[in-house]
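**Student:** See run_18.cif below, with mmCIF, C-alpha atoms.
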```
data_work
loop_
_atom_site.group_PDB
_atom_site.id
_atom_site.type_symbol
_atom_site.label_atom_id
_atom_site.label_comp_id
_atom_site.auth_asym_id
_atom_site.auth_seq_id
_atom_site.Cartn_x
_atom_site.Cartn_y
_atom_site.Cartn_z
ATOM 1 C CA MET A 1 -16.285 -28.597 -19.445
ATOM 2 C CA THR A 2 -13.471 -27.138 -17.328
ATOM 3 C CA ALA A 3 -13.276 -24.152 -19.678
ATOM 4 C CA ILE A 4 -17.000 -23.526 -19.284
ATOM 5 C CA LYS A 5 -16.733 -23.631 -15.490
ATOM 6 C CA LYS A 6 -13.771 -21.223 -15.604
ATOM 7 C CA ALA A 7 -15.682 -18.848 -17.888
ATOM 8 C CA LEU A 8 -18.704 -19.027 -15.586
ATOM 9 C CA THR A 9 -16.548 -18.140 -12.570
ATOM 10 C CA GLU A 10 -15.046 -15.163 -14.415
ATOM 11 C CA PHE A 11 -18.507 -14.202 -15.634
ATOM 12 C CA GLU A 12 -19.816 -14.212 -12.048
ATOM 13 C CA GLY A 13 -16.836 -12.156 -10.881
ATOM 14 C CA GLY A 14 -17.473 -9.565 -13.551
ATOM 15 C CA GLN A 15 -21.066 -9.253 -12.402
ATOM 16 C CA ARG A 16 -20.121 -8.038 -8.916
ATOM 17 C CA GLY A 17 -21.078 -4.412 -8.438
ATOM 18 C CA ALA A 18 -22.897 -4.253 -11.778
ATOM 19 C CA SER A 19 -26.406 -3.996 -10.362
ATOM 20 C CA VAL A 20 -27.326 -0.354 -9.939
ATOM 21 C CA THR A 21 -30.894 0.392 -8.933
ATOM 22 C CA GLY A 22 -32.856 2.612 -11.261
ATOM 23 C CA VAL A 23 -30.478 2.398 -14.226
ATOM 24 C CA GLU A 24 -32.166 0.726 -17.200
ATOM 25 C CA SER A 25 -28.943 -0.546 -18.784
ATOM 26 C CA ALA A 26 -27.898 -2.126 -15.470
ATOM 27 C CA THR A 27 -31.297 -3.830 -15.209
ATOM 28 C CA ALA A 28 -31.013 -5.118 -18.776
ATOM 29 C CA GLN A 29 -27.462 -6.299 -18.130
ATOM 30 C CA GLY A 30 -28.652 -8.118 -14.980
ATOM 31 C CA GLU A 31 -31.366 -9.903 -16.952
ATOM 32 C CA LEU A 32 -28.857 -10.867 -19.632
ATOM 33 C CA TYR A 33 -26.472 -12.154 -16.980
ATOM 34 C CA THR A 34 -29.211 -14.282 -15.411
ATOM 35 C CA SER A 35 -30.131 -15.706 -18.812
ATOM 36 C CA TRP A 36 -26.534 -16.609 -19.693
ATOM 37 C CA LYS A 37 -25.814 -18.013 -16.233
ATOM 38 C CA THR A 38 -28.842 -20.301 -16.542
ATOM 39 C CA TYR A 39 -27.672 -21.398 -20.002
ATOM 40 C CA LEU A 40 -24.079 -22.073 -18.883
ATOM 41 C CA ASP A 41 -25.193 -23.949 -15.758
ATOM 42 C CA SER A 42 -27.377 -26.137 -17.974
ATOM 43 C CA LEU A 43 -24.522 -26.678 -20.421
ATOM 44 C CA VAL A 44 -22.192 -27.810 -17.630
ATOM 45 C CA GLY A 45 -24.899 -30.241 -16.506
ATOM 46 C CA LYS A 46 -25.256 -31.666 -20.012
ATOM 47 C CA CYS A 47 -21.496 -32.069 -20.384
ATOM 48 C CA THR A 48 -21.241 -33.778 -17.000
ATOM 49 C CA THR A 49 -24.072 -36.151 -17.915
ATOM 50 C CA LEU A 50 -22.486 -37.048 -21.266
ATOM 51 C CA GLN A 51 -18.939 -37.456 -19.971
ATOM 52 C CA GLY A 52 -19.342 -40.993 -18.575
ATOM 53 C CA PRO A 53 -21.195 -42.475 -21.561
ATOM 54 C CA MET A 54 -18.737 -40.888 -24.022
ATOM 55 C CA ILE A 55 -15.737 -42.320 -22.139
ATOM 56 C CA SER A 56 -17.419 -45.742 -22.054
ATOM 57 C CA ALA A 57 -18.193 -45.594 -25.763
ATOM 58 C CA GLY A 58 -14.575 -44.729 -26.551
ATOM 59 C CA LYS A 59 -13.250 -47.578 -24.420
ATOM 60 C CA GLY A 60 -15.719 -49.940 -26.068
ATOM 61 C CA GLN A 61 -14.542 -48.865 -29.513
ATOM 62 C CA VAL A 62 -10.883 -49.463 -28.610
ATOM 63 C CA SER A 63 -11.756 -52.875 -27.179
ATOM 64 C CA ASN A 64 -13.728 -53.743 -30.313
ATOM 65 C CA ASP A 65 -10.805 -52.720 -32.557
ATOM 66 C CA GLU A 66 -8.393 -54.884 -30.555
ATOM 67 C CA THR A 67 -10.783 -57.842 -30.712
ATOM 68 C CA LEU A 68 -11.115 -57.521 -34.493
ATOM 69 C CA ARG A 69 -7.331 -57.335 -34.928
ATOM 70 C CA GLY A 70 -6.969 -60.524 -32.878
ATOM 71 C CA ASP A 71 -9.694 -62.289 -34.895
ATOM 72 C CA PHE A 72 -7.989 -61.446 -38.192
ATOM 73 C CA ALA A 73 -4.576 -62.460 -36.847
ATOM 74 C CA ARG A 74 -5.947 -65.865 -35.746
ATOM 75 C CA MET A 75 -7.642 -66.333 -39.114
ATOM 76 C CA THR A 76 -4.395 -65.505 -40.932
ATOM 77 C CA ASP A 77 -2.505 -68.057 -38.809
ATOM 78 C CA THR A 78 -5.141 -70.753 -39.391
ATOM 79 C CA TYR A 79 -5.620 -70.203 -43.110
ATOM 80 C CA LYS A 80 -2.171 -69.474 -44.472
ATOM 81 C CA ASP A 81 -1.919 -68.807 -48.175
ATOM 82 C CA THR A 82 -0.539 -71.606 -50.291
ATOM 83 C CA PRO A 83 2.679 -70.961 -52.206
ATOM 84 C CA ALA A 84 2.192 -69.583 -55.695
ATOM 85 C CA THR A 85 2.299 -72.212 -58.456
ATOM 86 C CA GLY A 86 5.529 -72.262 -60.361
ATOM 87 C CA GLY A 87 7.102 -70.128 -57.671
ATOM 88 C CA ASN A 88 10.132 -72.364 -57.157
ATOM 89 C CA ASN A 89 12.864 -71.317 -59.531
ATOM 90 C CA GLY A 90 14.963 -74.371 -58.654
ATOM 91 C CA GLY A 91 17.977 -72.278 -57.652
ATOM 92 C CA ARG A 92 18.298 -70.651 -61.012
#
```
What would you get if you wrote out this structure as structure tokens?
**Tutor:**
Amino acid sequence: MTAIKKALTEFEGGQRGASVTGVESATAQGELYTSWKTYLDSLVGKCTTLQGPMISAGKGQVSNDETLRGDFARMTDTYKDTPATGGNNGGR
């Protein structure tokens, strides 16, 4: 999102002095600029809106992973495997 805002600022700076009355290419360029500015402003808004939920989802996933690890660790402690049969070689 920061990169988009930086690009938009540079884009706006490049627009200064570009509007020349009566020149068709300048008019077309102005319309293109307006179109892209609207698009980029909207994109920044979408990114800003999604930022909080995406951070929350990531934190929730990490928390869920840690909870599962703890559950499996407790299960392993509670239900230890029995020794293999015939596993004692009697010191041989």
**Student:** So, counting all atoms listed in the file, which residue among A:Glu12, A:Asp81, A:Glu24, A:Asp71 is closest to A:Leu40?
**Tutor:** A:Glu12
**Student:** Rounded to one decimal, what separation in Å do you get between atom CA of A:Ala3 and atom CA of A:Val44?
**Tutor:**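 Calculated distance between atom CA of A:Ala3 and atom CA of A:Val44 is 9.9 Å.
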**Student:** Using only C-alpha atoms, pick whichever of A:Leu68, A:Asp41, A:Gly52, A:Ala28 has the shortest atom-to-atom distance to A:Lys6.
**Tutor:**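 Going through A:Leu68, A:Asp41, A:Gly52, A:Ala28 one by one, the smallest distance to A:Lys6 is for A:Asp41.
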**Student:** Kindly give the distance, in Å, that separates atom CA of A:Arg16 and atom CA of A:Glu31, rounded to a single decimal.
**Tutor:**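 Rounded to one decimal, the two atoms are 13.9 Å apart.
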**Student:** To one decimal place in Å, what is the distance between atom CA of A:Gly14 and atom CA of A:Tyr33?
**Tutor:**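 Those two atoms sit 10.0 Å apart.
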**Student:** Pick out the closest residue to A:Thr48 from this set: A:Thr82, A:Thr2, A:Thr67, A:Thr27. Count all atoms listed in the file.
**Tutor:** A:Thr2
**Student:** Between A:Thr78, A:Ser56, A:Ile4, A:Ser63, which one has atoms that come closest to A:Lys37, using all atoms listed in the file?
**Tutor:** A:Ile4
